[in-house]
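Source file: protein.txt (compact mmCIF, C-alpha atoms and all ligand atoms)
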# COMPACT_ATOMS: atom_id res chain seq x y z
CA MET H 1 125.57 95.82 86.76
CA GLN H 2 123.36 94.13 84.17
CA LYS H 3 123.53 90.39 83.62
CA ALA H 4 124.19 89.05 80.12
CA SER H 5 121.41 87.13 78.40
CA ILE H 6 121.31 84.85 75.37
CA ASN H 7 120.44 87.94 73.32
CA ASP H 8 123.96 89.20 74.01
CA LEU H 9 125.55 86.16 72.39
CA ASN H 10 126.21 86.37 68.68
CA LYS H 11 125.27 83.64 66.22
CA GLU H 12 128.67 81.93 66.24
CA ASN H 13 128.48 81.56 70.03
CA LEU H 14 125.39 79.39 69.70
CA TYR H 15 125.77 77.61 66.37
CA ARG H 16 126.34 73.86 66.90
CA LYS H 17 126.75 74.42 70.64
CA ILE H 18 125.12 72.30 73.32
CA VAL H 19 123.28 74.47 75.84
CA LEU H 20 122.30 73.31 79.32
CA ILE H 21 119.12 75.20 80.29
CA ARG H 22 117.74 75.25 83.82
CA VAL H 23 113.98 75.71 83.57
CA ASP H 24 111.12 75.43 86.04
CA PHE H 25 109.01 72.47 84.92
CA ASN H 26 107.72 71.91 88.45
CA VAL H 27 104.13 71.73 87.19
CA PRO H 28 101.04 70.45 89.04
CA PHE H 29 99.74 66.96 88.24
CA GLU H 30 96.42 65.29 89.04
CA ASN H 31 96.12 61.54 88.43
CA GLY H 32 99.15 61.67 86.13
CA VAL H 33 97.76 64.56 84.05
CA ILE H 34 99.38 68.02 83.94
CA THR H 35 96.74 70.45 85.23
CA ASP H 36 98.54 73.72 84.44
CA ASP H 37 101.20 73.84 81.73
CA SER H 38 101.95 77.57 81.89
CA ARG H 39 105.49 76.96 83.18
CA ILE H 40 106.23 74.66 80.22
CA LYS H 41 104.80 77.20 77.76
CA ALA H 42 106.85 79.95 79.43
CA ALA H 43 110.12 78.16 78.56
CA ILE H 44 109.35 77.88 74.84
CA PRO H 45 110.60 81.34 73.68
CA THR H 46 114.09 80.58 75.06
CA LEU H 47 114.13 77.08 73.54
CA ASP H 48 112.89 78.42 70.18
CA TYR H 49 115.54 81.15 70.20
CA LEU H 50 118.37 78.72 70.91
CA ILE H 51 117.23 76.19 68.29
CA LYS H 52 116.77 78.97 65.71
CA HIS H 53 120.41 79.92 66.27
CA GLY H 54 121.61 76.37 65.69
CA ALA H 55 122.08 75.23 69.29
CA ARG H 56 120.92 71.94 70.78
CA CYS H 57 119.18 72.20 74.15
CA VAL H 58 119.69 69.99 77.19
CA ILE H 59 116.91 70.89 79.60
CA ALA H 60 117.22 70.43 83.37
CA SER H 61 114.49 70.86 85.98
CA HIS H 62 113.25 69.55 89.28
CA LEU H 63 109.75 68.23 89.90
CA GLY H 64 108.31 67.95 93.40
CA ARG H 65 110.37 66.82 96.38
CA PRO H 66 111.89 63.39 95.76
CA LYS H 67 114.40 64.09 98.58
CA GLY H 68 117.44 62.81 96.70
CA LYS H 69 115.90 59.45 95.69
CA LYS H 70 114.59 58.15 92.42
CA ASP H 71 110.78 58.29 92.49
CA VAL H 72 109.04 57.26 89.25
CA SER H 73 105.94 59.26 90.18
CA LEU H 74 108.12 62.39 89.93
CA SER H 75 109.72 61.53 86.58
CA LEU H 76 109.80 64.30 83.97
CA ALA H 77 108.83 61.81 81.22
CA PRO H 78 105.20 63.06 80.89
CA ILE H 79 106.58 66.59 80.54
CA ALA H 80 108.81 65.53 77.62
CA LYS H 81 105.72 64.29 75.77
CA HIS H 82 103.78 67.45 76.54
CA LEU H 83 106.65 69.76 75.55
CA SER H 84 107.07 67.84 72.29
CA LYS H 85 103.42 68.53 71.39
CA LEU H 86 103.62 72.21 72.36
CA ILE H 87 106.85 72.91 70.48
CA ASN H 88 106.09 70.55 67.60
CA GLN H 89 109.49 68.84 67.72
CA ASP H 90 110.87 65.58 69.07
CA VAL H 91 112.02 65.77 72.68
CA LEU H 92 114.31 62.96 73.76
CA MET H 93 113.64 61.99 77.38
CA CYS H 94 116.88 60.97 79.13
CA HIS H 95 116.67 58.22 81.76
CA ASP H 96 119.06 60.14 84.05
CA CYS H 97 120.51 63.63 84.38
CA ILE H 98 124.21 62.70 84.55
CA GLY H 99 126.46 59.87 83.33
CA ASN H 100 128.40 58.71 80.30
CA SER H 101 125.49 57.13 78.45
CA ILE H 102 123.53 60.42 78.66
CA LYS H 103 126.57 62.34 77.48
CA GLU H 104 127.09 59.99 74.53
CA THR H 105 123.44 60.17 73.51
CA ILE H 106 123.50 63.96 73.53
CA GLN H 107 126.75 64.10 71.58
CA ASN H 108 125.73 61.54 68.97
CA ARG H 109 122.06 62.32 68.32
CA HIS H 110 122.51 65.26 65.96
CA ASP H 111 118.98 64.70 64.67
CA ILE H 112 117.60 65.82 68.07
CA SER H 113 117.55 69.47 69.24
CA LEU H 114 115.78 68.98 72.56
CA PHE H 115 116.85 66.62 75.34
CA LEU H 116 115.04 66.58 78.67
CA LEU H 117 117.12 65.34 81.60
CA GLU H 118 115.49 63.31 84.36
CA ASN H 119 114.54 65.14 87.62
CA VAL H 120 117.76 66.66 89.03
CA ARG H 121 116.42 66.24 92.59
CA PHE H 122 116.65 62.44 92.24
CA TYR H 123 120.20 63.17 93.47
CA LYS H 124 120.69 64.62 96.95
CA GLU H 125 123.80 66.28 95.53
CA GLU H 126 121.56 68.71 93.61
CA GLU H 127 120.31 70.57 96.68
CA THR H 128 123.65 70.39 98.51
CA ASN H 129 125.28 71.98 95.45
CA ASN H 130 127.83 69.19 95.35
CA GLU H 131 130.85 70.11 93.24
CA THR H 132 131.28 66.74 91.52
CA PHE H 133 127.58 66.57 90.63
CA ALA H 134 127.62 70.14 89.27
CA LYS H 135 130.73 69.31 87.23
CA GLU H 136 129.04 66.18 85.81
CA LEU H 137 125.97 68.19 84.79
CA ALA H 138 128.12 70.93 83.27
CA SER H 139 130.13 68.37 81.29
CA LEU H 140 127.02 67.70 79.15
CA ALA H 141 127.15 71.13 77.53
CA ASP H 142 129.19 74.11 76.28
CA ILE H 143 127.04 76.92 77.72
CA PHE H 144 124.68 77.31 80.69
CA VAL H 145 121.41 79.25 80.45
CA GLN H 146 119.46 80.15 83.58
CA ASP H 147 115.73 80.41 82.87
CA ALA H 148 114.23 79.34 86.20
CA PHE H 149 113.73 82.51 88.23
CA GLY H 150 111.61 80.63 90.80
CA THR H 151 114.63 78.62 91.99
CA ALA H 152 117.29 81.32 91.46
CA HIS H 153 117.35 82.11 95.21
CA ARG H 154 118.65 78.59 95.87
CA ALA H 155 122.33 77.75 95.49
CA HIS H 156 121.79 74.31 93.99
CA ALA H 157 124.02 72.43 91.55
CA SER H 158 121.75 73.01 88.53
CA THR H 159 120.90 76.62 89.43
CA ALA H 160 124.32 77.95 90.43
CA GLY H 161 127.00 75.22 90.77
CA VAL H 162 127.21 74.52 87.02
CA SER H 163 128.19 78.13 86.36
CA ASN H 164 131.62 77.40 87.86
CA TYR H 165 132.36 75.28 84.79
CA LEU H 166 130.39 76.91 81.94
CA PRO H 167 129.91 80.44 80.57
CA SER H 168 126.49 81.35 81.98
CA TYR H 169 123.72 83.57 80.63
CA ALA H 170 120.15 84.52 81.46
CA GLY H 171 117.36 83.02 79.35
CA LEU H 172 114.56 85.20 78.04
CA LEU H 173 112.26 84.58 81.03
CA VAL H 174 114.92 85.47 83.57
CA LYS H 175 115.96 88.48 81.47
CA LYS H 176 112.35 89.76 81.65
CA GLU H 177 112.19 89.21 85.42
CA LEU H 178 115.42 91.12 85.94
CA THR H 179 114.43 93.96 83.63
CA PHE H 180 111.22 94.62 85.55
CA LEU H 181 112.49 93.97 89.08
CA GLN H 182 115.61 96.06 88.45
CA SER H 183 113.38 98.89 87.23
CA VAL H 184 112.14 99.24 90.83
CA PHE H 185 115.61 99.95 92.20
CA ASP H 186 117.57 101.21 89.24
CA GLN H 187 116.34 104.58 88.00
CA PRO H 188 112.61 103.77 88.14
CA GLU H 189 110.15 106.00 86.35
CA ARG H 190 108.86 108.12 89.23
CA PRO H 191 106.72 108.48 91.20
CA LEU H 192 107.35 104.92 92.34
CA LEU H 193 104.64 103.33 94.50
CA ALA H 194 104.94 100.03 96.39
CA ILE H 195 101.84 98.33 97.77
CA VAL H 196 102.73 95.64 100.28
CA GLY H 197 100.18 93.39 101.95
CA GLY H 198 99.99 89.85 103.28
CA ALA H 199 99.63 88.25 106.65
CA LYS H 200 102.75 89.00 108.66
CA VAL H 201 105.20 91.82 109.23
CA SER H 202 107.89 89.29 110.14
CA THR H 203 108.06 87.84 106.61
CA LYS H 204 108.08 91.25 104.90
CA ILE H 205 109.94 93.59 107.26
CA ALA H 206 113.18 93.36 105.24
CA VAL H 207 111.22 94.02 102.03
CA LEU H 208 109.51 97.08 103.57
CA ASP H 209 112.81 98.39 104.91
CA HIS H 210 114.60 98.03 101.57
CA LEU H 211 111.70 99.38 99.52
CA LEU H 212 111.31 102.44 101.74
CA GLU H 213 114.70 103.70 100.61
CA ASN H 214 113.69 103.55 96.94
CA VAL H 215 109.96 104.30 96.71
CA ASP H 216 108.15 107.63 96.78
CA TYR H 217 105.01 106.16 98.36
CA LEU H 218 104.53 102.98 100.37
CA VAL H 219 101.14 101.42 101.12
CA ILE H 220 101.01 98.86 103.93
CA GLY H 221 97.84 96.75 103.98
CA GLY H 222 96.66 93.26 104.81
CA GLY H 223 97.16 91.57 108.16
CA MET H 224 100.53 93.23 108.72
CA ALA H 225 99.00 96.70 108.94
CA PHE H 226 97.61 95.98 112.43
CA THR H 227 101.07 95.68 113.98
CA PHE H 228 101.73 99.21 112.69
CA LEU H 229 98.37 100.53 113.99
CA LYS H 230 98.96 98.95 117.40
CA ALA H 231 102.52 100.33 117.52
CA GLN H 232 100.99 103.80 117.10
CA GLY H 233 98.75 103.19 120.11
CA PHE H 234 95.44 102.38 118.42
CA SER H 235 93.24 99.53 119.58
CA ILE H 236 93.01 96.79 116.96
CA GLY H 237 90.42 94.50 118.53
CA LYS H 238 90.99 90.85 117.61
CA SER H 239 92.94 91.66 114.41
CA LEU H 240 96.11 89.80 113.46
CA CYS H 241 99.11 91.29 115.27
CA GLU H 242 102.72 90.38 115.99
CA ASP H 243 103.29 92.03 119.37
CA ASP H 244 107.03 91.36 119.26
CA LYS H 245 107.29 93.34 116.02
CA THR H 246 105.76 96.64 117.17
CA ASP H 247 109.24 98.12 117.80
CA LEU H 248 110.30 97.24 114.26
CA ALA H 249 107.09 98.81 112.95
CA LEU H 250 107.79 102.04 114.88
CA HIS H 251 111.35 102.04 113.60
CA LEU H 252 110.08 101.83 110.02
CA LEU H 253 107.58 104.66 110.57
CA ASP H 254 110.39 106.82 112.04
CA LYS H 255 112.65 105.93 109.13
CA ALA H 256 109.93 107.06 106.71
CA ILE H 257 109.74 110.44 108.46
CA SER H 258 113.51 110.88 108.38
CA LEU H 259 113.61 109.96 104.67
CA ASN H 260 110.64 112.23 103.99
CA LYS H 261 108.70 109.30 102.50
CA SER H 262 105.00 108.81 102.87
CA ILE H 263 103.50 105.58 104.23
CA LEU H 264 99.79 104.98 103.81
CA LEU H 265 98.22 102.67 106.41
CA PRO H 266 94.53 101.67 106.24
CA LEU H 267 92.19 104.62 106.91
CA ASP H 268 89.11 102.42 107.26
CA LEU H 269 88.53 98.69 107.46
CA VAL H 270 86.03 95.94 106.84
CA VAL H 271 85.72 94.18 110.20
CA SER H 272 83.79 91.19 111.46
CA GLN H 273 83.56 89.22 114.69
CA SER H 274 85.29 86.31 112.98
CA ILE H 275 86.49 85.21 109.57
CA THR H 276 83.49 82.90 109.17
CA LYS H 277 80.81 85.30 110.47
CA THR H 278 79.77 87.40 107.49
CA ASP H 279 76.56 88.67 109.19
CA THR H 280 78.62 90.85 111.56
CA ILE H 281 80.54 92.66 108.82
CA ARG H 282 80.80 96.46 109.02
CA ILE H 283 83.06 99.27 107.98
CA VAL H 284 84.89 101.17 110.73
CA ASP H 285 87.56 103.85 111.16
CA ALA H 286 90.98 102.13 111.27
CA LYS H 287 91.78 104.04 114.47
CA GLN H 288 88.66 102.76 116.24
CA ILE H 289 88.37 99.04 115.69
CA PRO H 290 85.76 97.63 118.13
CA GLU H 291 87.11 95.24 120.79
CA ASN H 292 85.18 92.17 119.60
CA THR H 293 86.01 92.48 115.88
CA MET H 294 88.94 91.86 113.55
CA GLY H 295 90.01 93.77 110.45
CA LEU H 296 89.77 91.51 107.40
CA ASP H 297 89.89 93.92 104.45
CA ILE H 298 90.62 97.56 103.67
CA GLY H 299 87.58 99.85 103.52
CA PRO H 300 86.30 102.15 100.72
CA GLU H 301 88.21 105.27 101.89
CA THR H 302 91.48 103.31 101.83
CA ILE H 303 90.70 101.90 98.38
CA LYS H 304 90.13 105.48 97.15
CA ALA H 305 93.39 106.68 98.70
CA ILE H 306 95.35 103.81 97.06
CA GLU H 307 93.68 104.53 93.73
CA SER H 308 94.74 108.19 93.97
CA LEU H 309 98.33 107.09 94.54
CA ILE H 310 98.14 104.67 91.57
CA ASN H 311 96.79 107.53 89.42
CA ILE H 312 99.83 109.73 90.06
CA SER H 313 102.46 106.94 89.90
CA LYS H 314 104.49 105.87 86.88
CA THR H 315 105.77 102.60 88.38
CA VAL H 316 103.83 100.41 90.81
CA LEU H 317 105.09 97.29 92.56
CA TRP H 318 102.51 95.15 94.37
CA ASN H 319 103.30 92.29 96.73
CA GLY H 320 100.72 90.66 99.01
CA PRO H 321 96.91 90.85 99.29
CA LEU H 322 95.23 93.71 101.18
CA GLY H 323 92.67 91.51 102.91
CA VAL H 324 91.59 87.90 103.27
CA PHE H 325 90.92 87.78 99.53
CA GLU H 326 90.29 84.02 99.51
CA ILE H 327 86.88 84.78 101.07
CA ASP H 328 84.66 86.87 98.75
CA ALA H 329 83.29 89.01 101.59
CA PHE H 330 86.84 90.26 102.31
CA ALA H 331 88.23 90.31 98.76
CA LYS H 332 86.93 93.70 97.60
CA GLY H 333 89.99 95.78 98.54
CA THR H 334 92.43 93.39 96.87
CA CYS H 335 90.27 92.97 93.75
CA GLU H 336 89.60 96.70 93.30
CA VAL H 337 93.30 97.48 93.57
CA ALA H 338 94.06 94.72 91.01
CA ASN H 339 91.43 96.17 88.65
CA ARG H 340 92.76 99.70 89.06
CA LEU H 341 96.32 98.53 88.35
CA ALA H 342 95.10 96.72 85.22
CA THR H 343 93.79 99.96 83.70
CA SER H 344 96.69 102.12 84.87
CA PRO H 345 99.17 103.39 82.27
CA ALA H 346 101.95 102.93 84.87
CA THR H 347 104.42 100.06 84.68
CA THR H 348 102.81 97.48 86.95
CA ILE H 349 104.89 94.74 88.53
CA ILE H 350 103.18 92.00 90.51
CA GLY H 351 105.64 90.47 92.92
CA GLY H 352 104.79 86.81 93.17
CA GLY H 353 102.77 84.73 95.65
CA ASP H 354 99.22 85.58 96.67
CA SER H 355 99.04 88.87 94.76
CA VAL H 356 99.51 86.84 91.58
CA ALA H 357 96.60 84.60 92.65
CA ALA H 358 94.53 87.75 93.28
CA VAL H 359 95.31 89.13 89.81
CA HIS H 360 94.22 85.81 88.29
CA LYS H 361 91.07 85.82 90.44
CA VAL H 362 89.92 89.03 88.74
CA ASN H 363 91.18 87.87 85.33
CA GLN H 364 93.58 90.75 84.90
CA ALA H 365 96.89 88.92 84.49
CA ARG H 366 97.30 89.92 80.84
CA ASN H 367 96.82 93.59 81.73
CA MET H 368 99.84 93.84 84.06
CA SER H 369 103.28 94.82 82.73
CA HIS H 370 104.95 91.95 84.56
CA ILE H 371 103.95 89.11 86.84
CA SER H 372 106.90 87.57 88.63
CA THR H 373 107.25 83.80 88.30
CA GLY H 374 109.11 83.39 91.59
CA GLY H 375 107.48 83.91 95.00
CA GLY H 376 110.46 83.32 97.28
CA ALA H 377 113.02 84.53 94.74
CA CYS H 378 111.06 87.72 94.16
CA LEU H 379 110.82 88.44 97.91
CA GLU H 380 114.55 87.91 98.39
CA TYR H 381 115.27 90.20 95.44
CA LEU H 382 113.02 92.88 96.95
CA GLU H 383 114.87 92.50 100.26
CA GLY H 384 118.04 93.44 98.39
CA LYS H 385 119.59 89.99 98.72
CA GLU H 386 121.83 88.57 96.04
CA LEU H 387 120.23 85.53 94.36
CA PRO H 388 122.88 82.80 93.80
CA GLY H 389 121.28 81.68 90.52
CA ILE H 390 121.56 85.23 89.17
CA ALA H 391 124.82 86.33 90.79
CA CYS H 392 126.62 83.49 88.96
CA LEU H 393 125.69 84.78 85.48
CA LYS H 394 128.14 86.77 83.35
CA GLU H 395 128.03 90.56 83.47
CA LYS H 396 126.83 92.20 80.27
CA GLU H 397 130.06 94.20 79.79
CA THR H 398 132.25 91.11 79.83
CA VAL H 399 130.48 89.34 76.93
P1 LIG O 401 101.60 86.44 102.61
O1 LIG O 401 101.89 85.01 102.30
O2 LIG O 401 102.38 86.99 103.74
O3 LIG O 401 101.63 87.34 101.38
O4 LIG O 401 100.11 86.48 103.15
C1 LIG O 401 98.99 86.16 102.38
C2 LIG O 401 97.83 85.92 103.29
O5 LIG O 401 97.53 87.08 104.05
C3 LIG O 401 96.55 85.57 102.56
O6 LIG O 401 96.24 84.23 102.80
C4 LIG O 401 95.51 86.50 103.17
O7 LIG O 401 94.30 85.85 103.49
C5 LIG O 401 96.19 86.97 104.44
N1 LIG O 401 95.65 88.25 104.92
C6 LIG O 401 95.53 89.40 104.23
N2 LIG O 401 94.92 90.33 104.99
C7 LIG O 401 94.65 89.77 106.18
C8 LIG O 401 94.01 90.24 107.38
N3 LIG O 401 93.53 91.47 107.47
N4 LIG O 401 93.89 89.37 108.40
C9 LIG O 401 94.36 88.10 108.29
N5 LIG O 401 94.99 87.61 107.19
C10 LIG O 401 95.13 88.43 106.16
Here is a file; write its structure as structure tokens.
Amino acid sequence: MQKASINDLNKENLYRKIVLIRVDFNVPFENGVITDDSRIKAAIPTLDYLIKHGARCVIASHLGRPKGKKDVSLSLAPIAKHLSKLINQDVLMCHDCIGNSIKETIQNRHDISLFLLENVRFYKEEETNNETFAKELASLADIFVQDAFGTAHRAHASTAGVSNYLPSYAGLLVKKELTFLQSVFDQPERPLLAIVGGAKVSTKIAVLDHLLENVDYLVIGGGMAFTFLKAQGFSIGKSLCEDDKTDLALHLLDKAISLNKSILLPLDLVVSQSITKTDTIRIVDAKQIPENTMGLDIGPETIKAIESLINISKTVLWNGPLGVFEIDAFAKGTCEVANRLATSPATTIIGGGDSVAAVHKVNQARNMSHISTGGGACLEYLEGKELPGIACLKEKETV
């Protein structure tokens, strides 16, 4: 079932209404200066849309980890100033996120369209999803809009609790996330390819298991591939391996056979004696990794095989790097795959975390169909889990 977004509300539903919007303004700071404002910029289309339709916006976010205590170094005040410049409108910074004086200000200041509440995590009740706190927050507005996908996997007061008291809709950012991520599971354009990498099988086994049922092809790369190679009886030298997960790996390979799905594991590898020793680098067959070496990137044959799969696929989901891409000597596999995806006519969905960093490393972010804004939330979605911050939104049919 599709979730309703602000686009599904008609003009009268927004005109003169007060809208509580949960955004992700958890931006990095250095010496009091915002070093990357992309999260603030990303919220602007939703804010613009709401203002254009006559609503006034009450913005809620967390910043850092104040652990339920007021911490002036984690105040959202500098963000109010920055947002005001970006959106070219006054933004009234509230000294708190709940309370009668805040409520009165919002109700009486009709000359202001944008109010920024103080850090919701100054209250411990935010993360415990306390009912009274959620009710207080909700009492500031007429409608709730969820536009923080990155925290949607948390059942907090400002991400889920408020929806018990207000009609709740997805903002434009969350709508985009859901459209692309749903396209992987809900009638994807086939063939559907998933490329999953990263360090450990343990953190991605549920993702692999869930994806296997939906994809046509699955590529397993990165550090996790060695648990699969070892499970099949190959020697993996000093490569990363989770010995207690070899049974799970075998189970997944058997499941692929029974579902008639094809899994591509590395065919060849870039190995070295250690991560810091680049003078011992060589390319070897993935089934014959020398005892004293470790696999740190996929080799050229594997890159070619992945590229062939990308060429025949209409939808590609990528989550996790295919080698130790932070070190240039082991970044080739990850970078080449990112470059190939950037030129592919397929719908390309980059699933958060380190694969996003890799796409930025090769400057190809603008050439992907969608880059997820939520690492943890994206992983939980791909595992098939229900995200509390999404589950609480209205269904499209009921609007
Ligand atoms: P994850 O957070 O699970 O997506 O893992 C990302 C990390 O996996 C990155 O820091 C990579 O350096 C690491 N990684 C990828 N391939 C390998 C490998 N072959 N050996 C060790 N670490 C790897």
Item checked: Given 9 Å and only C-alpha atoms and all ligand atoms, residues near ligand LIG 401 (chain O) as a count of residues only -> 43
Next item on the list: Quote the spacing between atom CA of Ile18 of chain H and atom CA of Leu140 of chain H in Å to one decimal place.
Entry: 7.7 Å
Next item on the list: Go ahead and compute the interatomic distance for atom CA of Ser101 of chain H and atom CA of Ala157 of chain H, in Å to one decimal.
Entry: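 About the pair atom CA of Ser101 of chain H and atom CA of Ala157 of chain H: they are 20.2 Å apart.
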Note to self: Need the shell around Lys261 of chain H: protein/DNA/RNA residues with any atom at most 9 Å away, counting only C-alpha atoms. Skip same-chain ones fewer than 3 positions apart. Format as a PyMOL selection string?
What the structure shows: chain H and resi 212-213+215-218+255-258
Next item on the list: Would you mind reading off the distance between atom CA of Leu92 of chain H and atom CA of Leu114 of chain H, one decimal, in Å?
Entry: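 About the pair atom CA of Leu92 of chain H and atom CA of Leu114 of chain H: they are 6.3 Å apart.
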Next item on the list: Return the single residue from H:Ala305, H:Val399, H:Cys57, H:Leu252 that is closest to Asn13 of chain H, with distances computed using only C-alpha atoms.
Entry: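 Checking each of H:Ala305, H:Val399, H:Cys57, H:Leu252 against Asn13 of chain H, counting only C-alpha atoms, the winner is H:Val399.
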Next item on the list: Mind checking which residues fall within 7 Å of Cys335 of chain H, counting all atoms listed in the file, ignoring those fewer than 3 positions away in the same chain, and posting them as a list in words?
Entry: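 So, after excluding close chain neighbours, the residues are Ala331, Lys332, Ala338, Asn339, Ala358 and Val362 of chain H.
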Those same residues, written as a PDB file, keeping the file's coordinate frame with C-alpha atoms?
ATOM      1  CA  ALA H 331      88.230  90.310  98.760  1.00  0.00           C
ATOM      2  CA  LYS H 332      86.930  93.700  97.600  1.00  0.00           C
ATOM      3  CA  ALA H 338      94.060  94.720  91.010  1.00  0.00           C
ATOM      4  CA  ASN H 339      91.430  96.170  88.650  1.00  0.00           C
ATOM      5  CA  ALA H 358      94.530  87.750  93.280  1.00  0.00           C
ATOM      6  CA  VAL H 362      89.920  89.030  88.740  1.00  0.00           C
TER       7      VAL H 362
END
Item checked: Distance criterion (all atoms listed in the file): nearest to Asp111 of chain H out of H:Cys94, H:Ala141, H:Ala55, H:Ala206 ->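 So, comparing all the options, the nearest one is H:Ala55.
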Margin query: Residues near Trp318 of chain H, anyone? I mean within 6 Å using only C-alpha atoms, not counting same-chain ones fewer than 5 positions away, as a list in words.
Written below: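 Listing them by chain and then by number gives Ala194, Ile195, Val196, Ile350 and Gly351 of chain H.
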Checklist line | Polymer residues at most 6 Å from segment 64-68 of chain H, all atoms listed in the file, same-chain spacing of 2 or more positions, as a list in words | finding: Arg121, Phe122, Tyr123 and Lys124 of chain H
Item checked: Residue nearest Ile102 of chain H among H:Lys81, H:His370, H:Lys70, H:Glu136 (counting all atoms listed in the file) -> H:Glu136
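Each of H:Asp247, H:Glu397, H:Asp36, H:Glu177 was compared to Ile349 of chain H using all atoms listed in the file, and H:Glu177 turns out to be the nearest.
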Notebook entry, point to check: Do you know which residues are at most 9 Å from Gly161 of chain H counting only C-alpha atoms, after dropping those on the same chain fewer than 3 positions away, and could you put them as an MDAnalysis selection string?
Noted result: chainID H and resid 126 129:131 133:135 138 155:158 164:165 389 392
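Across H:Val356, H:Leu117, H:Ile303, H:Ala329, the tightest approach to Leu317 of chain H is made by H:Val356 when counting all atoms listed in the file.
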Notebook entry, point to check: With all atoms listed in the file as the atoms that count, which of H:Ile34, H:Leu9, H:Val219, H:Ile371 lies nearest to Leu181 of chain H?
Noted result: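 Closest candidate: H:Ile371.
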